[in-house]
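Structure data follow from protein_7.cif (mmCIF, C-alpha atoms and all ligand atoms):
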```
data_data
#
loop_
_atom_site.label_atom_id
_atom_site.label_comp_id
_atom_site.auth_asym_id
_atom_site.auth_seq_id
_atom_site.Cartn_x
_atom_site.Cartn_y
_atom_site.Cartn_z
CA MET X 150 0.00 0.00 0.00
CA THR X 151 1.31 3.49 -0.89
CA ASP X 152 -0.07 6.97 -0.40
CA LYS X 153 -0.37 7.40 -4.17
CA PRO X 154 -3.93 7.70 -5.52
CA ARG X 155 -5.36 4.27 -6.27
CA VAL X 156 -6.75 3.67 -9.76
CA LEU X 157 -8.57 0.62 -11.10
CA VAL X 158 -7.96 0.30 -14.85
CA THR X 159 -10.56 -1.98 -16.44
CA ARG X 160 -8.85 -2.63 -19.81
CA ARG X 161 -5.31 -3.18 -20.99
CA LEU X 162 -4.09 0.21 -22.25
CA LEU X 163 -0.95 1.06 -24.24
CA ASP X 164 2.41 0.50 -22.54
CA ALA X 165 3.03 4.26 -22.35
CA ASN X 166 -0.27 4.69 -20.48
CA HIS X 167 0.65 1.84 -18.11
CA GLU X 168 4.09 3.36 -17.47
CA ARG X 169 2.58 6.62 -16.29
CA LEU X 170 -0.15 4.85 -14.34
CA THR X 171 2.35 2.75 -12.42
CA ALA X 172 4.87 5.58 -11.91
CA GLU X 173 2.48 8.22 -10.61
CA PHE X 174 -0.37 6.17 -9.21
CA ASP X 175 -1.05 2.95 -7.37
CA ALA X 176 -2.72 1.30 -10.34
CA VAL X 177 -4.48 -2.05 -10.58
CA LEU X 178 -4.16 -3.12 -14.22
CA ASN X 179 -6.14 -5.66 -16.21
CA LEU X 180 -3.25 -7.27 -18.08
CA ASP X 181 -5.25 -10.14 -19.56
CA ASP X 182 -7.77 -7.57 -20.81
CA HIS X 183 -10.84 -9.63 -20.00
CA ILE X 184 -14.14 -7.78 -19.94
CA MET X 185 -14.92 -7.22 -16.26
CA THR X 186 -18.49 -7.75 -15.10
CA SER X 187 -20.17 -5.08 -13.01
CA ASP X 188 -19.84 -7.30 -9.92
CA GLU X 189 -16.14 -7.71 -10.59
CA ILE X 190 -15.67 -3.97 -11.03
CA ILE X 191 -17.50 -3.24 -7.80
CA ALA X 192 -15.40 -5.76 -5.87
CA ALA X 193 -12.16 -4.48 -7.42
CA SER X 194 -13.14 -0.87 -6.67
CA GLU X 195 -12.75 -1.40 -2.93
CA GLY X 196 -10.06 1.01 -1.74
CA MET X 197 -9.86 2.82 -5.12
CA ASP X 198 -9.92 6.59 -5.60
CA ALA X 199 -10.65 6.39 -9.31
CA LEU X 200 -11.84 4.04 -12.02
CA LEU X 201 -10.41 4.27 -15.53
CA ILE X 202 -12.91 2.55 -17.80
CA CYS X 203 -13.69 2.25 -21.52
CA VAL X 204 -16.89 2.13 -23.58
CA THR X 205 -16.93 -1.62 -22.90
CA GLU X 206 -17.82 -1.11 -19.21
CA PRO X 207 -21.39 0.13 -18.78
CA MET X 208 -21.83 2.25 -15.68
CA ARG X 209 -25.56 2.11 -15.11
CA ALA X 210 -27.28 3.62 -12.08
CA GLU X 211 -27.36 0.23 -10.27
CA THR X 212 -23.60 -0.18 -10.64
CA ILE X 213 -22.82 3.39 -9.67
CA ALA X 214 -25.03 3.02 -6.58
CA ARG X 215 -22.89 0.06 -5.42
CA LEU X 216 -19.47 1.70 -5.86
CA PRO X 217 -17.54 2.17 -2.60
CA GLU X 218 -17.66 5.61 -0.94
CA ARG X 219 -13.97 6.22 -1.62
CA VAL X 220 -14.39 6.31 -5.43
CA LYS X 221 -14.24 9.96 -6.42
CA THR X 222 -14.23 9.70 -10.17
CA ILE X 223 -15.07 7.52 -13.16
CA MET X 224 -12.69 8.37 -16.00
CA THR X 225 -13.66 7.06 -19.42
CA LEU X 226 -11.19 6.60 -22.25
CA SER X 227 -13.71 7.98 -24.72
CA VAL X 228 -15.56 11.06 -25.75
CA GLY X 229 -18.78 9.03 -26.02
CA MET X 230 -20.79 9.00 -22.79
CA GLU X 231 -23.72 6.72 -23.56
CA HIS X 232 -22.32 3.92 -21.37
CA ILE X 233 -22.40 6.07 -18.22
CA ASP X 234 -25.44 7.21 -16.28
CA LEU X 235 -24.27 10.76 -15.72
CA GLU X 236 -27.20 11.71 -13.51
CA ALA X 237 -26.52 8.78 -11.19
CA ALA X 238 -22.83 9.71 -10.98
CA GLN X 239 -23.65 13.34 -10.28
CA ALA X 240 -26.20 12.36 -7.64
CA ARG X 241 -23.49 10.37 -5.83
CA GLY X 242 -20.96 13.18 -6.20
CA ILE X 243 -18.73 11.06 -8.46
CA ALA X 244 -16.96 13.17 -11.10
CA VAL X 245 -16.95 11.83 -14.66
CA LEU X 246 -13.94 12.71 -16.83
CA SER X 247 -13.68 12.10 -20.58
CA THR X 248 -11.21 12.60 -23.43
CA PRO X 249 -12.43 15.43 -25.67
CA ASP X 250 -9.98 16.97 -28.16
CA ALA X 251 -7.53 14.04 -28.04
CA VAL X 252 -9.88 12.04 -30.27
CA ASN X 253 -10.65 14.74 -32.87
CA ASP X 254 -7.83 14.27 -35.34
CA PRO X 255 -7.70 10.45 -35.35
CA THR X 256 -11.49 10.14 -35.61
CA VAL X 257 -11.53 12.58 -38.50
CA GLU X 258 -8.74 10.66 -40.22
CA VAL X 259 -11.01 7.62 -40.13
CA ALA X 260 -13.99 9.71 -41.29
CA MET X 261 -11.98 10.84 -44.34
CA LEU X 262 -10.74 7.29 -44.90
CA LEU X 263 -14.35 6.04 -44.90
CA LEU X 264 -15.58 8.88 -47.08
CA LEU X 265 -12.85 8.28 -49.63
CA GLY X 266 -13.07 4.49 -49.37
CA ALA X 267 -16.85 4.50 -49.87
CA ALA X 268 -16.79 7.05 -52.70
CA ARG X 269 -13.90 5.42 -54.56
CA ARG X 270 -15.13 1.84 -54.08
CA ALA X 271 -12.21 0.65 -51.99
CA THR X 272 -13.95 -2.54 -50.81
CA GLU X 273 -14.51 -3.70 -54.39
CA GLY X 274 -11.02 -2.67 -55.45
CA ALA X 275 -9.36 -4.54 -52.59
CA ALA X 276 -11.49 -7.64 -53.23
CA LEU X 277 -10.56 -7.64 -56.91
CA MET X 278 -6.89 -7.57 -56.01
CA ARG X 279 -6.99 -10.01 -53.11
CA ASN X 280 -9.08 -12.53 -55.04
CA HIS X 281 -6.64 -12.35 -57.99
CA GLU X 282 -9.56 -11.31 -60.20
CA TRP X 283 -8.09 -8.14 -61.73
CA LYS X 284 -7.48 -9.04 -65.37
CA GLU X 285 -7.20 -5.72 -67.21
CA TRP X 286 -7.43 -1.96 -66.92
CA THR X 287 -10.60 -0.61 -68.57
CA PRO X 288 -12.05 2.93 -68.68
CA ARG X 289 -15.10 1.60 -66.82
CA LEU X 290 -13.26 -0.19 -64.05
CA LEU X 291 -14.56 0.79 -60.61
CA VAL X 292 -15.62 4.30 -61.55
CA GLY X 293 -16.68 5.92 -58.30
CA THR X 294 -17.93 9.26 -57.02
CA ASP X 295 -15.70 12.36 -57.09
CA VAL X 296 -14.93 13.66 -53.61
CA THR X 297 -13.01 16.78 -54.61
CA GLY X 298 -15.39 19.71 -55.00
CA GLY X 299 -18.33 17.70 -53.58
CA THR X 300 -20.80 18.81 -50.94
CA LEU X 301 -20.66 17.38 -47.43
CA GLY X 302 -23.49 17.61 -44.93
CA ILE X 303 -22.30 17.14 -41.35
CA PHE X 304 -24.77 16.14 -38.65
CA GLY X 305 -23.22 17.19 -35.34
CA MET X 306 -20.85 20.13 -35.44
CA GLY X 307 -19.00 19.58 -32.18
CA ARG X 308 -15.22 19.26 -32.09
CA ILE X 309 -15.15 16.24 -34.40
CA GLY X 310 -17.63 17.73 -36.88
CA ARG X 311 -15.68 20.99 -37.04
CA THR X 312 -12.38 19.16 -37.52
CA LEU X 313 -13.96 17.10 -40.29
CA ALA X 314 -15.18 20.28 -42.00
CA LYS X 315 -11.62 21.62 -41.90
CA ARG X 316 -10.12 18.48 -43.47
CA ALA X 317 -12.89 18.21 -46.07
CA ARG X 318 -12.18 21.79 -47.14
CA GLY X 319 -8.78 20.46 -48.15
CA PHE X 320 -10.73 18.55 -50.82
CA ASP X 321 -12.51 21.77 -51.81
CA MET X 322 -15.76 20.41 -50.39
CA THR X 323 -18.68 22.72 -49.66
CA ILE X 324 -19.75 22.26 -46.04
CA ARG X 325 -23.34 22.27 -44.79
CA TYR X 326 -24.33 21.27 -41.28
CA HIS X 327 -27.00 20.78 -38.70
CA ASN X 328 -26.31 21.11 -35.01
CA ARG X 329 -28.57 21.76 -32.03
CA THR X 330 -27.14 25.26 -31.85
CA ARG X 331 -25.74 27.33 -34.67
CA LEU X 332 -21.97 27.91 -34.52
CA SER X 333 -20.42 31.35 -34.29
CA PHE X 334 -19.51 33.01 -37.58
CA ALA X 335 -15.83 32.24 -36.94
CA ASP X 336 -16.47 28.55 -36.15
CA GLU X 337 -18.72 28.14 -39.20
CA ALA X 338 -15.79 29.16 -41.40
CA GLY X 339 -18.12 29.44 -44.38
CA ALA X 340 -20.25 26.34 -43.64
CA SER X 341 -24.01 26.78 -44.22
CA TYR X 342 -26.31 26.11 -41.28
CA TYR X 343 -29.49 24.05 -41.72
CA THR X 344 -32.00 24.48 -38.92
CA SER X 345 -33.15 20.83 -38.94
CA ILE X 346 -31.76 17.45 -39.91
CA ASP X 347 -34.69 17.09 -42.34
CA SER X 348 -33.60 20.21 -44.20
CA LEU X 349 -29.92 19.17 -44.23
CA LEU X 350 -30.49 15.70 -45.72
CA PRO X 351 -31.74 16.74 -49.21
CA ALA X 352 -28.73 19.08 -49.42
CA SER X 353 -26.17 16.37 -48.57
CA PRO X 354 -24.78 14.26 -51.43
CA PHE X 355 -22.21 13.22 -48.81
CA LEU X 356 -23.55 12.86 -45.26
CA ALA X 357 -21.24 12.46 -42.26
CA ILE X 358 -22.65 11.56 -38.86
CA THR X 359 -20.63 13.03 -36.00
CA ALA X 360 -23.40 13.62 -33.44
CA PRO X 361 -23.41 12.02 -29.98
CA SER X 362 -25.77 9.16 -29.18
CA THR X 363 -28.70 10.62 -27.25
CA PRO X 364 -32.39 9.72 -26.99
CA GLU X 365 -33.01 12.36 -29.70
CA THR X 366 -30.40 11.11 -32.19
CA ARG X 367 -30.79 7.33 -31.81
CA GLY X 368 -32.26 5.80 -34.96
CA PHE X 369 -32.55 9.20 -36.68
CA LEU X 370 -31.34 7.80 -40.04
CA ASN X 371 -34.44 5.71 -40.75
CA ALA X 372 -36.27 4.94 -44.01
CA GLU X 373 -38.14 8.28 -44.05
CA ARG X 374 -34.95 10.27 -43.55
CA ILE X 375 -32.98 8.22 -46.09
CA ALA X 376 -35.72 9.05 -48.64
CA LEU X 377 -34.82 12.73 -48.12
CA LEU X 378 -31.20 12.20 -49.21
CA PRO X 379 -30.25 12.89 -52.84
CA ASP X 380 -30.22 9.72 -54.95
CA GLY X 381 -26.78 8.10 -54.85
CA ALA X 382 -25.79 9.76 -51.58
CA ILE X 383 -22.79 8.53 -49.62
CA VAL X 384 -23.17 8.07 -45.86
CA VAL X 385 -20.32 8.03 -43.33
CA ASN X 386 -20.72 7.20 -39.63
CA VAL X 387 -17.97 7.67 -37.05
CA ALA X 388 -20.36 8.47 -34.17
CA ARG X 389 -22.33 5.49 -32.88
CA GLY X 390 -24.06 2.63 -34.69
CA GLU X 391 -27.33 3.24 -32.91
CA LEU X 392 -27.89 6.48 -34.81
CA ILE X 393 -28.70 4.39 -37.88
CA ASP X 394 -31.63 2.07 -38.58
CA ASP X 395 -29.61 -0.76 -40.14
CA ASP X 396 -32.46 -2.38 -42.07
CA ALA X 397 -33.32 0.95 -43.69
CA LEU X 398 -29.71 1.72 -44.65
CA ILE X 399 -29.12 -1.80 -45.97
CA ASP X 400 -32.27 -1.57 -48.15
CA ALA X 401 -31.04 1.77 -49.49
CA LEU X 402 -27.56 0.37 -50.19
CA LYS X 403 -29.13 -2.54 -52.08
CA SER X 404 -31.44 -0.31 -54.15
CA GLY X 405 -28.72 2.25 -54.89
CA LYS X 406 -30.64 5.07 -53.20
CA VAL X 407 -27.50 5.27 -51.07
CA ALA X 408 -24.57 4.60 -53.39
CA ALA X 409 -22.13 3.64 -50.65
CA ALA X 410 -21.52 3.83 -46.91
CA GLY X 411 -18.37 4.13 -44.84
CA LEU X 412 -18.96 2.81 -41.33
CA ASP X 413 -16.69 2.58 -38.27
CA VAL X 414 -19.41 2.02 -35.66
CA PHE X 415 -22.27 -0.45 -35.58
CA ASN X 416 -25.36 -1.55 -33.73
CA GLY X 417 -24.47 -4.76 -31.91
CA GLU X 418 -20.71 -4.25 -32.18
CA PRO X 419 -18.42 -6.03 -31.93
CA THR X 420 -19.90 -9.53 -32.28
CA ASN X 421 -23.43 -8.87 -33.50
CA VAL X 422 -22.97 -6.51 -36.45
CA ASN X 423 -25.65 -6.88 -39.13
CA PRO X 424 -24.07 -9.45 -41.50
CA ALA X 425 -25.35 -7.61 -44.60
CA TYR X 426 -22.76 -4.88 -43.96
CA LEU X 427 -20.01 -7.49 -44.28
CA GLU X 428 -21.34 -8.74 -47.62
CA LEU X 429 -22.33 -5.55 -49.44
CA PRO X 430 -19.60 -4.44 -51.85
CA ASN X 431 -20.61 -0.79 -51.51
CA VAL X 432 -19.87 -0.71 -47.78
CA PHE X 433 -16.40 0.23 -46.58
CA ILE X 434 -16.00 -0.81 -42.97
CA THR X 435 -13.57 -0.54 -40.08
CA PRO X 436 -13.93 -1.93 -36.51
CA HIS X 437 -14.50 1.18 -34.31
CA ILE X 438 -10.93 2.44 -34.70
CA GLY X 439 -11.69 6.17 -34.78
CA SER X 440 -9.41 7.00 -31.88
CA ALA X 441 -6.99 4.10 -32.39
CA ALA X 442 -3.86 6.06 -33.32
CA MET X 443 -0.71 5.92 -31.20
CA LYS X 444 -0.25 9.54 -30.12
CA ALA X 445 -3.96 10.05 -29.65
CA ARG X 446 -4.38 6.95 -27.50
CA ILE X 447 -1.53 8.03 -25.24
CA ALA X 448 -2.95 11.57 -25.10
CA MET X 449 -6.37 10.20 -24.10
CA GLY X 450 -4.82 8.48 -21.08
CA ASP X 451 -2.78 11.57 -20.21
CA LEU X 452 -5.85 13.77 -20.35
CA LEU X 453 -7.60 11.54 -17.83
CA LEU X 454 -4.60 11.32 -15.50
CA ASP X 455 -3.97 15.08 -15.68
CA GLY X 456 -7.65 15.51 -14.86
CA LEU X 457 -7.38 13.12 -11.93
CA ASN X 458 -4.45 15.07 -10.49
CA LEU X 459 -6.39 18.32 -10.80
CA LEU X 460 -9.49 16.78 -9.25
CA LEU X 461 -7.56 15.40 -6.27
CA ALA X 462 -5.89 18.80 -5.81
CA GLY X 463 -9.33 20.44 -5.73
CA GLU X 464 -8.68 22.33 -8.96
CA PRO X 465 -11.14 22.79 -11.84
CA VAL X 466 -10.88 19.94 -14.37
CA PRO X 467 -11.36 21.01 -18.00
CA ASN X 468 -12.40 17.53 -19.17
CA ARG X 469 -14.93 16.97 -16.37
CA VAL X 470 -18.38 16.15 -17.75
CA VAL X 471 -20.30 16.16 -14.44
C1 LIG X 501 -14.87 7.56 -28.22
O1 LIG X 501 -13.97 8.31 -27.85
O2 LIG X 501 -16.03 7.67 -27.83
C2 LIG X 501 -14.48 6.45 -29.14
O3 LIG X 501 -15.58 5.96 -29.82
C3 LIG X 501 -13.76 5.36 -28.40
O4 LIG X 501 -14.58 4.79 -27.50
#
```
Show the structure stored in the file as structure tokens.
Ligand code: DGY
Amino acid sequence: MTDKPRVLVTRRLLDANHERLTAEFDAVLNLDDHIMTSDEIIAASEGMDALLICVTEPMRAETIARLPERVKTIMTLSVGMEHIDLEAAQARGIAVLSTPDAVNDPTVEVAMLLLLGAARRATEGAALMRNHEWKEWTPRLLVGTDVTGGTLGIFGMGRIGRTLAKRARGFDMTIRYHNRTRLSFADEAGASYYTSIDSLLPASPFLAITAPSTPETRGFLNAERIALLPDGAIVVNVARGELIDDDALIDALKSGKVAAAGLDVFNGEPTNVNPAYLELPNVFITPHIGSAAMKARIAMGDLLLDGLNLLLAGEPVPNRVV
């Protein structure tokens, strides 16, 4: 036992994160990286000052209610918050810390990868090569959709949406967006504001979803909304799978109403993803790797540990959610 703050870490993080955790804190690590049950987390939380969790550990009200008194904070290695009952944490006086900013650039890299991969038919191209089926170059081979100079509608203009707008401008894209609140003139940087998602959709030949998962956004991209998109639209999702009605999107991908989709997040991930997404040639997919870049992953851990130090010193914590 030391007098260093005690931290339970529920998943195996990068070595650099572990080095800092063990140097500065009295950390209990999960080196075999098994998914801990709520009961296991509660038992392991005895004597802990802080929990460092991931999106894989739901913190529902029942779990939060059973945490030992000593736990002062739940730190999540994510910007997404849907796995934590924030009201329950607040009611118990447990601070919740997250990792905003650190995830912007890597998530937007994946958004651009998906946008480009979907538009330029990367799934079909890779399959042709890997199956040794590419026989000749022809002028009609895998002709896709031009990205440069296209128009991108962004649903959710928080940090990730704004960073995406910036990168997409590098492809001379026109940016349109819907957000609960309109951005300042400076933050819009020339993007056009649409007051509702229903008005943004018909104006979005490319649609990127960067909004958080909330009761209002879940399932928003359903059959009625897809019908509002221009024919042959391209849809990209780096937010959460639950924002999309899978059956509706899959029907639209089959009919060509939606020409292609680039998806990093899924309903039922990781083991229960709709199998149609894995079969459709016009879907370019990655396994929830938005923030999975080396510097960013280390920075996410640092942000939480810096926040923990501030919290324990009684200072304001910039990345405190409640
Ligand atoms: C996030 O930061 O929310 C990413 O999706 C990783 O969980």
Rank nothing, just name the residue among X:Pro361, X:Pro424, X:Gly450, X:Pro154 nearest to X:Met306, using all atoms listed in the file.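 Smallest separation from X:Met306 among the options: X:Pro361.
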Of the listed residues X:Met230, X:Leu162, X:Leu170, X:Val384, that which approaches ligand LIG 501 (chain X) most closely, counting only C-alpha atoms and all ligand atoms: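 Checking each of X:Met230, X:Leu162, X:Leu170, X:Val384 against ligand LIG 501 (chain X), counting only C-alpha atoms and all ligand atoms, the winner is X:Met230.
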Separation of atom C2 of ligand LIG 501 (chain X) from atom CA of X:Arg161 in Å: 15.6 Å
Determine, counting all atoms listed in the file, which protein, DNA and RNA residues have an atom within 10 Å of an atom of X:Phe369; residues of the same chain fewer than 5 positions away are not included. Present the result as JSON, numbers by chain. {"X": [346, 347, 364, 374, 375, 391, 392, 393, 394]}
Which one of X:Ala372, X:Leu265, X:Ala388, X:Ala442 sits closest to X:Phe355 if you count only C-alpha atoms?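 Between X:Ala372, X:Leu265, X:Ala388, X:Ala442, the residue approaching X:Phe355 most closely is X:Leu265.
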Rounded to one decimal place, report the atom CA of X:Ala445-atom O3 of ligand LIG 501 (chain X) distance in Å. 12.3 Å
Extract, using only C-alpha atoms, all DNA, RNA and protein residues at most 12 Å from X:Ala240, discarding same-chain residues fewer than 3 positions from it, and format them as a list of chain:residue names.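 With the cut-off at 12 Å, the set is X:Ala210, X:Ile213, X:Ala214, X:Asp234, X:Leu235, X:Glu236, X:Ala237, X:Ile243, X:Ala244, X:Val245, X:Val471.
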Near X:Ala276, counting all atoms listed in the file, which residues have an atom at most 12 Å away, once you skip same-chain residues fewer than 6 positions from it, shown as a PyMOL selection string? chain X and resi 270+282-283+291+428-431+433
Could you write out the selected residues, including C-alpha atoms, as a PDB file, keeping the file's coordinate frame?
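This went into selection.pdb:
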```pdb
ATOM      1  CA  ARG X 270     -15.130   1.840 -54.080  1.00  0.00           C
ATOM      2  CA  GLU X 282      -9.560 -11.310 -60.200  1.00  0.00           C
ATOM      3  CA  TRP X 283      -8.090  -8.140 -61.730  1.00  0.00           C
ATOM      4  CA  LEU X 291     -14.560   0.790 -60.610  1.00  0.00           C
ATOM      5  CA  GLU X 428     -21.340  -8.740 -47.620  1.00  0.00           C
ATOM      6  CA  LEU X 429     -22.330  -5.550 -49.440  1.00  0.00           C
ATOM      7  CA  PRO X 430     -19.600  -4.440 -51.850  1.00  0.00           C
ATOM      8  CA  ASN X 431     -20.610  -0.790 -51.510  1.00  0.00           C
ATOM      9  CA  PHE X 433     -16.400   0.230 -46.580  1.00  0.00           C
TER      10      PHE X 433
END
```
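The space between atom CA of X:Ala408 and atom CA of X:Lys315 spans 24.3 Å.
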